[in-house]
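Undergrad: Provided herewith is a single structure, encoded as structure tokens, for subsequent inquiry.
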Amino acid sequence: MARTNFETLLEAGCHFGHLKRKWNPAMAPYIFMERNGIHIIDLHKTVAKIDEAAEALKAIAKSGRRILFVATKKQAKQVVADKAASVNMPYVTERWAGGMLTNFPTIRKAVKKMANIDKLTNDGTFSNLSKREILQISRQRAKLEKNLGSIADLTKLPAALFVVDVCKEHIAVKEAQRLGIPVFGIVDTNSDPNVVDYIIPANDDANKSIEVILDACCGAIAEGLAERKAERVDAEAAGEGKKAKAARVEKKEEAPAEEQAAE
């Protein structure tokens, strides 16, 4: 069963590419035609690529690993934040801090610093500081929250990266490539598809286009998480069943011994 369909993508404007003069020749296999100087993306291929990416994302989620969503362009920020949060995945919608992946230990230190500030606030240490110090620390906390708050629970490198605009997020893509982290990306006609492992050829500028694609992908992630939870419940139930069976066997073995002792 397809995650989405041609009509849904068409209504969302996923087929609109960039001007012909701005195109990347590597995107030729995904372009259906040119109309009024604008490239039109082949949505039949987009449907197939969404299904392929969704299945891979589902497998990652089912294995218990994390997927980092990246979208710092204005029209994608809120959509990505909402969709990623709905499946409890980390995301970056503010400025991408250089080295967020390649220098991950330093990023973790910054996140811990934010946690330490929260600790100072809760244990009453703030009351012993001057107003100026409190203001400085509060500003620092707000800045850290803005840039790193959404990845506070990312304790290790993500298993995959999902980017909305390959051109705009080129630093994030390069860092992922360097570390061998697979990249999922919405790739428009002006982008290079060769830098992405799972290509989703579509309009990466329209809010509706981004939302429709993320609905399909995050739906697959939610399925993967649900299946993982169900398997864990089944495994726990099977474990309890084995314990109960072992207890019954042990009780039967003890019964003859008690009867002999009584005689």
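Ordering of the structure tokens sets the chain letters (A, B, ...), residue numbers begin anew at 1 in every chain, and ligands are numbered from 1 in the order given.
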Leaving out stretch 20-30 of chain A and any residue of its chain fewer than 6 positions from it, which residues lie within 7 Å of it when counting only C-alpha atoms, given as a list in words?
TA: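 Within the cut-off, the hits are Gly37, Ile38, His39, Ile41, Asp42, Lys45, Thr189, Asn190, Ser191, Asp192, Pro193 and Pro201 of chain A.
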Undergrad: Taking the chain letters and numbering used in this document, name the residues of stretch 33-234 of chain A that DSSP puts in helix (DSSP H, G or I), as a PyMOL selection string.
TA: chain A and resi 43-62+74-86+104-122+125-128+131-151+170-179+193-195+207-234
Undergrad: At what distance in Å, to one decimal, does atom CA of A:Gly64 lie from atom CA of A:Lys156?
TA: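 Interatomic distance here is 12.4 Å.
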Undergrad: Assign secondary structure with DSSP using the backbone only, and return the residues of stretch 17-217 of chain A in strand (DSSP E) as a compact mmCIF listing (two decimals) with all heavy atoms, in the first residue's frame.
TA:
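Result went into result-v3.txt, see below:
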# COMPACT_ATOMS: atom_id res chain seq x y z
N GLY A 17 8.96 22.63 -9.75
CA GLY A 17 10.40 22.73 -9.55
C GLY A 17 10.85 24.18 -9.65
O GLY A 17 10.05 25.10 -9.51
N HIS A 18 12.14 24.38 -9.94
CA HIS A 18 12.69 25.73 -10.09
C HIS A 18 12.72 26.12 -11.57
O HIS A 18 12.38 25.34 -12.45
CB HIS A 18 14.09 25.79 -9.49
CG HIS A 18 14.09 25.88 -8.00
ND1 HIS A 18 14.21 27.08 -7.33
CD2 HIS A 18 13.98 24.93 -7.03
CE1 HIS A 18 14.16 26.86 -6.02
NE2 HIS A 18 14.03 25.56 -5.82
N LEU A 19 13.15 27.34 -11.81
CA LEU A 19 13.32 27.81 -13.18
C LEU A 19 14.33 26.93 -13.91
O LEU A 19 15.28 26.43 -13.29
CB LEU A 19 13.81 29.27 -13.20
CG LEU A 19 12.82 30.33 -12.69
CD1 LEU A 19 13.53 31.65 -12.52
CD2 LEU A 19 11.64 30.46 -13.65
N ILE A 31 12.58 14.76 -13.70
CA ILE A 31 11.84 15.87 -14.29
C ILE A 31 10.92 15.34 -15.40
O ILE A 31 11.37 14.65 -16.31
CB ILE A 31 12.80 16.95 -14.83
CG1 ILE A 31 13.56 17.58 -13.66
CG2 ILE A 31 12.03 18.02 -15.61
CD1 ILE A 31 14.66 18.54 -14.07
N PHE A 32 9.65 15.67 -15.31
CA PHE A 32 8.65 15.20 -16.27
C PHE A 32 8.64 16.07 -17.54
O PHE A 32 8.62 15.57 -18.65
CB PHE A 32 7.28 15.21 -15.62
CG PHE A 32 6.16 14.83 -16.53
CD1 PHE A 32 6.07 13.55 -17.06
CD2 PHE A 32 5.18 15.76 -16.89
CE1 PHE A 32 5.04 13.19 -17.90
CE2 PHE A 32 4.15 15.41 -17.74
CZ PHE A 32 4.08 14.13 -18.25
N MET A 33 8.65 17.40 -17.34
CA MET A 33 8.59 18.31 -18.47
C MET A 33 8.94 19.73 -18.02
O MET A 33 9.19 19.98 -16.84
CB MET A 33 7.19 18.30 -19.10
CG MET A 33 6.12 18.82 -18.15
SD MET A 33 4.45 18.87 -18.88
CE MET A 33 4.64 20.16 -20.08
N GLU A 34 8.96 20.64 -18.99
CA GLU A 34 9.17 22.05 -18.69
C GLU A 34 7.93 22.82 -19.12
O GLU A 34 7.38 22.57 -20.19
CB GLU A 34 10.39 22.57 -19.47
CG GLU A 34 10.64 24.06 -19.28
CD GLU A 34 11.41 24.67 -20.44
OE1 GLU A 34 12.16 23.95 -21.12
OE2 GLU A 34 11.20 25.88 -20.68
N ARG A 35 7.48 23.72 -18.27
CA ARG A 35 6.31 24.53 -18.62
C ARG A 35 6.55 25.97 -18.20
O ARG A 35 6.83 26.25 -17.03
CB ARG A 35 5.06 23.98 -17.93
CG ARG A 35 3.77 24.76 -18.27
CD ARG A 35 2.57 24.17 -17.59
NE ARG A 35 2.25 22.84 -18.12
CZ ARG A 35 1.32 22.05 -17.58
NH1 ARG A 35 0.67 22.43 -16.50
NH2 ARG A 35 1.06 20.87 -18.12
N ILE A 38 9.61 26.65 -16.24
CA ILE A 38 9.73 26.00 -14.93
C ILE A 38 9.70 24.50 -15.12
O ILE A 38 8.89 23.97 -15.88
CB ILE A 38 8.58 26.43 -14.00
CG1 ILE A 38 8.67 27.93 -13.71
CG2 ILE A 38 8.60 25.64 -12.69
CD1 ILE A 38 7.49 28.49 -12.94
N HIS A 39 10.57 23.80 -14.43
CA HIS A 39 10.60 22.34 -14.52
C HIS A 39 9.48 21.74 -13.67
O HIS A 39 9.21 22.18 -12.56
CB HIS A 39 11.94 21.80 -14.05
CG HIS A 39 12.99 21.83 -15.12
ND1 HIS A 39 14.27 22.30 -14.90
CD2 HIS A 39 12.96 21.44 -16.42
CE1 HIS A 39 14.97 22.19 -16.02
NE2 HIS A 39 14.20 21.69 -16.95
N ILE A 40 8.85 20.71 -14.23
CA ILE A 40 7.77 19.98 -13.53
C ILE A 40 8.32 18.62 -13.13
O ILE A 40 8.82 17.87 -13.96
CB ILE A 40 6.53 19.81 -14.43
CG1 ILE A 40 6.04 21.18 -14.93
CG2 ILE A 40 5.44 19.07 -13.69
CD1 ILE A 40 5.61 22.14 -13.85
N ILE A 41 8.20 18.30 -11.85
CA ILE A 41 8.72 17.03 -11.32
C ILE A 41 7.75 15.89 -11.60
O ILE A 41 6.53 16.06 -11.53
CB ILE A 41 8.98 17.17 -9.80
CG1 ILE A 41 10.08 18.22 -9.55
CG2 ILE A 41 9.37 15.84 -9.17
CD1 ILE A 41 10.19 18.68 -8.11
N ILE A 67 16.26 9.51 14.45
CA ILE A 67 16.38 10.20 13.17
C ILE A 67 16.37 11.70 13.45
O ILE A 67 15.43 12.20 14.09
CB ILE A 67 15.22 9.82 12.22
CG1 ILE A 67 15.21 8.31 11.96
CG2 ILE A 67 15.31 10.60 10.90
CD1 ILE A 67 13.85 7.72 11.75
N LEU A 68 17.38 12.41 12.99
CA LEU A 68 17.47 13.85 13.22
C LEU A 68 16.91 14.61 12.02
O LEU A 68 17.39 14.47 10.89
CB LEU A 68 18.93 14.26 13.46
CG LEU A 68 19.21 15.76 13.65
CD1 LEU A 68 18.46 16.30 14.87
CD2 LEU A 68 20.72 16.00 13.81
N PHE A 69 15.87 15.42 12.25
CA PHE A 69 15.25 16.22 11.20
C PHE A 69 15.90 17.61 11.17
O PHE A 69 16.10 18.23 12.21
CB PHE A 69 13.74 16.37 11.45
CG PHE A 69 12.96 15.12 11.19
CD1 PHE A 69 12.95 14.08 12.11
CD2 PHE A 69 12.23 14.97 10.02
CE1 PHE A 69 12.22 12.92 11.88
CE2 PHE A 69 11.50 13.81 9.77
CZ PHE A 69 11.50 12.79 10.69
N VAL A 70 16.22 18.07 9.96
CA VAL A 70 16.87 19.38 9.82
C VAL A 70 16.13 20.23 8.79
O VAL A 70 15.96 19.82 7.64
CB VAL A 70 18.35 19.22 9.37
CG1 VAL A 70 19.04 20.58 9.33
CG2 VAL A 70 19.10 18.28 10.29
N TYR A 91 15.13 17.40 16.35
CA TYR A 91 15.10 18.23 15.15
C TYR A 91 15.89 19.52 15.34
O TYR A 91 16.11 19.96 16.47
CB TYR A 91 13.65 18.56 14.76
CG TYR A 91 12.87 19.29 15.84
CD1 TYR A 91 12.86 20.69 15.92
CD2 TYR A 91 12.13 18.58 16.80
CE1 TYR A 91 12.15 21.36 16.90
CE2 TYR A 91 11.43 19.24 17.79
CZ TYR A 91 11.43 20.62 17.84
OH TYR A 91 10.74 21.28 18.82
N VAL A 92 16.32 20.08 14.23
CA VAL A 92 17.03 21.37 14.24
C VAL A 92 16.30 22.29 13.28
O VAL A 92 16.24 22.02 12.08
CB VAL A 92 18.50 21.20 13.79
CG1 VAL A 92 19.19 22.56 13.69
CG2 VAL A 92 19.27 20.30 14.75
N ALA A 160 20.15 8.42 11.30
CA ALA A 160 19.86 8.98 9.97
C ALA A 160 19.56 10.47 10.09
O ALA A 160 19.24 10.97 11.18
CB ALA A 160 18.68 8.26 9.34
N LEU A 161 19.69 11.15 8.96
CA LEU A 161 19.41 12.59 8.88
C LEU A 161 18.31 12.80 7.85
O LEU A 161 18.37 12.22 6.76
CB LEU A 161 20.69 13.32 8.44
CG LEU A 161 20.83 14.80 8.79
CD1 LEU A 161 20.99 14.96 10.30
CD2 LEU A 161 22.04 15.40 8.09
N PHE A 162 17.32 13.61 8.18
CA PHE A 162 16.25 13.95 7.22
C PHE A 162 16.30 15.45 6.99
O PHE A 162 16.04 16.23 7.90
CB PHE A 162 14.88 13.54 7.75
CG PHE A 162 13.79 13.63 6.72
CD1 PHE A 162 13.23 12.49 6.17
CD2 PHE A 162 13.31 14.86 6.28
CE1 PHE A 162 12.23 12.55 5.21
CE2 PHE A 162 12.32 14.95 5.32
CZ PHE A 162 11.77 13.80 4.78
N VAL A 163 16.66 15.86 5.77
CA VAL A 163 16.76 17.30 5.47
C VAL A 163 15.69 17.70 4.47
O VAL A 163 15.32 16.93 3.59
CB VAL A 163 18.16 17.67 4.93
CG1 VAL A 163 19.24 17.38 5.95
CG2 VAL A 163 18.47 16.94 3.63
N VAL A 183 21.43 9.81 4.59
CA VAL A 183 20.68 11.07 4.49
C VAL A 183 19.41 10.86 3.67
O VAL A 183 19.45 10.35 2.56
CB VAL A 183 21.55 12.17 3.84
CG1 VAL A 183 20.74 13.48 3.71
CG2 VAL A 183 22.82 12.41 4.63
N PHE A 184 18.29 11.28 4.26
CA PHE A 184 17.01 11.32 3.56
C PHE A 184 16.76 12.78 3.23
O PHE A 184 16.96 13.64 4.09
CB PHE A 184 15.87 10.81 4.46
CG PHE A 184 15.98 9.36 4.84
CD1 PHE A 184 16.91 8.93 5.79
CD2 PHE A 184 15.14 8.42 4.27
CE1 PHE A 184 17.00 7.59 6.15
CE2 PHE A 184 15.22 7.07 4.62
CZ PHE A 184 16.16 6.66 5.56
N GLY A 185 16.33 13.07 2.01
CA GLY A 185 16.14 14.48 1.68
C GLY A 185 15.09 14.76 0.64
O GLY A 185 14.92 13.99 -0.31
N ILE A 186 14.37 15.87 0.84
CA ILE A 186 13.47 16.38 -0.19
C ILE A 186 14.36 17.16 -1.16
O ILE A 186 14.99 18.15 -0.77
CB ILE A 186 12.38 17.29 0.42
CG1 ILE A 186 11.54 16.51 1.43
CG2 ILE A 186 11.49 17.85 -0.69
CD1 ILE A 186 10.50 17.35 2.15
N VAL A 187 14.44 16.70 -2.40
CA VAL A 187 15.37 17.27 -3.37
C VAL A 187 14.61 17.97 -4.50
O VAL A 187 13.84 17.34 -5.22
CB VAL A 187 16.28 16.15 -3.96
CG1 VAL A 187 17.33 16.75 -4.88
CG2 VAL A 187 16.94 15.35 -2.85
N TYR A 198 18.58 8.62 0.27
CA TYR A 198 17.16 8.36 -0.04
C TYR A 198 16.56 9.66 -0.57
O TYR A 198 16.26 10.58 0.19
CB TYR A 198 16.41 7.87 1.21
CG TYR A 198 16.86 6.51 1.66
CD1 TYR A 198 17.93 6.37 2.56
CD2 TYR A 198 16.23 5.35 1.21
CE1 TYR A 198 18.35 5.12 2.98
CE2 TYR A 198 16.64 4.10 1.62
CZ TYR A 198 17.71 3.99 2.51
OH TYR A 198 18.13 2.74 2.91
N ILE A 199 16.38 9.71 -1.89
CA ILE A 199 15.92 10.92 -2.57
C ILE A 199 14.40 10.98 -2.62
O ILE A 199 13.75 10.00 -2.97
CB ILE A 199 16.47 10.96 -4.01
CG1 ILE A 199 18.00 10.85 -4.00
CG2 ILE A 199 16.03 12.21 -4.75
CD1 ILE A 199 18.56 10.32 -5.31
N ILE A 200 13.85 12.15 -2.28
CA ILE A 200 12.43 12.39 -2.47
C ILE A 200 12.32 13.62 -3.38
O ILE A 200 12.41 14.75 -2.91
CB ILE A 200 11.70 12.64 -1.13
CG1 ILE A 200 11.86 11.44 -0.20
CG2 ILE A 200 10.22 12.94 -1.38
CD1 ILE A 200 11.28 11.63 1.18
N PRO A 201 12.21 13.42 -4.71
CA PRO A 201 12.14 14.56 -5.62
C PRO A 201 10.82 15.31 -5.47
O PRO A 201 9.75 14.74 -5.72
CB PRO A 201 12.26 13.90 -7.00
CG PRO A 201 11.79 12.50 -6.81
CD PRO A 201 12.10 12.13 -5.41
Undergrad: One decimal, in Å: what's the spacing between atom CA of A:Thr93 and atom CA of A:Asn194?
TA: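 Computed distance, atom CA of A:Thr93 to atom CA of A:Asn194, equals 23.7 Å.
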Undergrad: How many Å lie between atom CA of A:Glu211 and atom CA of A:Lys83, rounded to one decimal?
TA: 8.3 Å
Undergrad: Once you count only C-alpha atoms, what closest atom pair and distance in Å to one decimal does each residue of stretch 18-84 of chain A within 8 Å of stretch 214-237 of chain A have, with rows by chain and rising residue number, as CSV?
TA:
residue,atom,partner,partner_atom,distance
A:Ile50,CA,A:Cys217,CA,7.3
A:Ala53,CA,A:Cys217,CA,7.3
A:Ala54,CA,A:Cys217,CA,4.9
A:Glu55,CA,A:Ala220,CA,6.8
A:Leu57,CA,A:Ile221,CA,5.9
A:Lys58,CA,A:Ile221,CA,4.6
A:Ala59,CA,A:Gly224,CA,6.3
A:Ile60,CA,A:Gly224,CA,7.7
A:Ala61,CA,A:Gly224,CA,5.2
A:Lys62,CA,A:Gly224,CA,4.3
A:Ser63,CA,A:Arg228,CA,7.2
A:Gly64,CA,A:Arg228,CA,7.5
A:Val80,CA,A:Leu214,CA,7.6
A:Lys83,CA,A:Cys218,CA,6.7
A:Ala84,CA,A:Cys218,CA,7.3
Undergrad: Can you tell me which residues surround A:Lys146 at a distance of at most 12 Å, considering only C-alpha atoms, apart from same-chain residues fewer than 6 positions away, and format the answer as a list in words?
TA: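 Residues meeting the cut-off are Tyr91, Val92, Thr93, Glu94, Arg95, Trp96, Ala97, Val111, Met114, Arg139, Gln140 and Ala152 of chain A.
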Undergrad: The selected residues should be written to file as an mmCIF file, in the first residue's frame (atoms: all heavy atoms).
TA:
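Final output, result-v7.cif:
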data_model
loop_
_atom_site.group_PDB
_atom_site.id
_atom_site.type_symbol
_atom_site.label_atom_id
_atom_site.label_comp_id
_atom_site.auth_asym_id
_atom_site.auth_seq_id
_atom_site.Cartn_x
_atom_site.Cartn_y
_atom_site.Cartn_z
ATOM 1 N N TYR A 91 15.126 17.396 16.349
ATOM 2 C CA TYR A 91 15.098 18.226 15.148
ATOM 3 C C TYR A 91 15.894 19.516 15.344
ATOM 4 O O TYR A 91 16.112 19.965 16.472
ATOM 5 C CB TYR A 91 13.649 18.562 14.762
ATOM 6 C CG TYR A 91 12.865 19.285 15.841
ATOM 7 C CD1 TYR A 91 12.859 20.688 15.915
ATOM 8 C CD2 TYR A 91 12.131 18.579 16.796
ATOM 9 C CE1 TYR A 91 12.151 21.355 16.903
ATOM 10 C CE2 TYR A 91 11.427 19.239 17.790
ATOM 11 C CZ TYR A 91 11.430 20.625 17.836
ATOM 12 O OH TYR A 91 10.743 21.281 18.820
ATOM 13 N N VAL A 92 16.321 20.081 14.230
ATOM 14 C CA VAL A 92 17.034 21.365 14.238
ATOM 15 C C VAL A 92 16.301 22.290 13.277
ATOM 16 O O VAL A 92 16.240 22.024 12.085
ATOM 17 C CB VAL A 92 18.505 21.198 13.793
ATOM 18 C CG1 VAL A 92 19.186 22.561 13.687
ATOM 19 C CG2 VAL A 92 19.266 20.301 14.748
ATOM 20 N N THR A 93 15.727 23.372 13.807
ATOM 21 C CA THR A 93 15.009 24.314 12.957
ATOM 22 C C THR A 93 15.595 25.722 13.046
ATOM 23 O O THR A 93 15.136 26.627 12.372
ATOM 24 C CB THR A 93 13.509 24.368 13.336
ATOM 25 O OG1 THR A 93 13.386 24.640 14.728
ATOM 26 C CG2 THR A 93 12.821 23.057 13.012
ATOM 27 N N GLU A 94 16.602 25.889 13.899
ATOM 28 C CA GLU A 94 17.321 27.164 13.960
ATOM 29 C C GLU A 94 18.633 26.982 13.192
ATOM 30 O O GLU A 94 18.764 26.069 12.406
ATOM 31 C CB GLU A 94 17.556 27.567 15.414
ATOM 32 C CG GLU A 94 16.280 27.815 16.205
ATOM 33 C CD GLU A 94 15.402 28.921 15.616
ATOM 34 O OE1 GLU A 94 15.952 29.899 15.049
ATOM 35 O OE2 GLU A 94 14.163 28.796 15.706
ATOM 36 N N ARG A 95 19.592 27.821 13.455
ATOM 37 C CA ARG A 95 20.871 27.723 12.740
ATOM 38 C C ARG A 95 21.557 26.391 13.023
ATOM 39 O O ARG A 95 21.604 25.928 14.153
ATOM 40 C CB ARG A 95 21.787 28.881 13.186
ATOM 41 C CG ARG A 95 23.111 28.960 12.466
ATOM 42 C CD ARG A 95 23.915 30.107 13.021
ATOM 43 N NE ARG A 95 24.344 29.829 14.390
ATOM 44 C CZ ARG A 95 25.446 29.178 14.714
ATOM 45 N NH1 ARG A 95 26.243 28.695 13.766
ATOM 46 N NH2 ARG A 95 25.771 29.000 15.976
ATOM 47 N N TRP A 96 22.074 25.763 11.938
ATOM 48 C CA TRP A 96 22.841 24.528 12.112
ATOM 49 C C TRP A 96 24.228 24.888 12.640
ATOM 50 O O TRP A 96 24.999 25.583 11.984
ATOM 51 C CB TRP A 96 22.973 23.777 10.787
ATOM 52 C CG TRP A 96 23.842 22.555 10.895
ATOM 53 C CD1 TRP A 96 25.183 22.475 10.656
ATOM 54 C CD2 TRP A 96 23.434 21.235 11.287
ATOM 55 N NE1 TRP A 96 25.635 21.197 10.872
ATOM 56 C CE2 TRP A 96 24.584 20.407 11.268
ATOM 57 C CE3 TRP A 96 22.212 20.670 11.648
ATOM 58 C CZ2 TRP A 96 24.534 19.060 11.584
ATOM 59 C CZ3 TRP A 96 22.170 19.327 11.973
ATOM 60 C CH2 TRP A 96 23.319 18.535 11.945
ATOM 61 N N ALA A 97 24.543 24.431 13.829
ATOM 62 C CA ALA A 97 25.851 24.718 14.420
ATOM 63 C C ALA A 97 26.893 23.818 13.773
ATOM 64 O O ALA A 97 26.754 22.593 13.811
ATOM 65 C CB ALA A 97 25.800 24.483 15.930
ATOM 66 N N VAL A 111 24.738 21.045 25.875
ATOM 67 C CA VAL A 111 23.427 20.590 26.354
ATOM 68 C C VAL A 111 23.483 20.361 27.867
ATOM 69 O O VAL A 111 22.549 20.717 28.599
ATOM 70 C CB VAL A 111 22.997 19.296 25.631
ATOM 71 C CG1 VAL A 111 21.739 18.708 26.263
ATOM 72 C CG2 VAL A 111 22.746 19.576 24.144
ATOM 73 N N MET A 114 23.254 23.552 29.751
ATOM 74 C CA MET A 114 21.860 23.989 29.871
ATOM 75 C C MET A 114 21.184 23.277 31.047
ATOM 76 O O MET A 114 20.440 23.887 31.812
ATOM 77 C CB MET A 114 21.144 23.675 28.554
ATOM 78 C CG MET A 114 19.746 24.216 28.433
ATOM 79 S SD MET A 114 19.127 24.136 26.738
ATOM 80 C CE MET A 114 19.132 22.364 26.450
ATOM 81 N N ARG A 139 20.086 34.718 29.794
ATOM 82 C CA ARG A 139 20.252 34.941 28.354
ATOM 83 C C ARG A 139 20.989 33.772 27.701
ATOM 84 O O ARG A 139 20.641 33.338 26.604
ATOM 85 C CB ARG A 139 21.014 36.247 28.109
ATOM 86 C CG ARG A 139 20.166 37.492 28.295
ATOM 87 C CD ARG A 139 21.002 38.740 28.121
ATOM 88 N NE ARG A 139 20.199 39.949 28.230
ATOM 89 C CZ ARG A 139 20.709 41.177 28.301
ATOM 90 N NH1 ARG A 139 22.032 41.347 28.275
ATOM 91 N NH2 ARG A 139 19.918 42.228 28.386
ATOM 92 N N GLN A 140 22.006 33.288 28.396
ATOM 93 C CA GLN A 140 22.776 32.144 27.888
ATOM 94 C C GLN A 140 21.891 30.911 27.793
ATOM 95 O O GLN A 140 21.937 30.168 26.806
ATOM 96 C CB GLN A 140 23.958 31.878 28.829
ATOM 97 C CG GLN A 140 24.913 30.816 28.308
ATOM 98 C CD GLN A 140 26.053 30.571 29.288
ATOM 99 O OE1 GLN A 140 25.858 30.544 30.496
ATOM 100 N NE2 GLN A 140 27.257 30.398 28.763
ATOM 101 N N ALA A 152 18.089 18.002 23.007
ATOM 102 C CA ALA A 152 18.577 17.779 24.376
ATOM 103 C C ALA A 152 18.614 16.302 24.747
ATOM 104 O O ALA A 152 19.472 15.863 25.516
ATOM 105 C CB ALA A 152 17.712 18.551 25.369
#
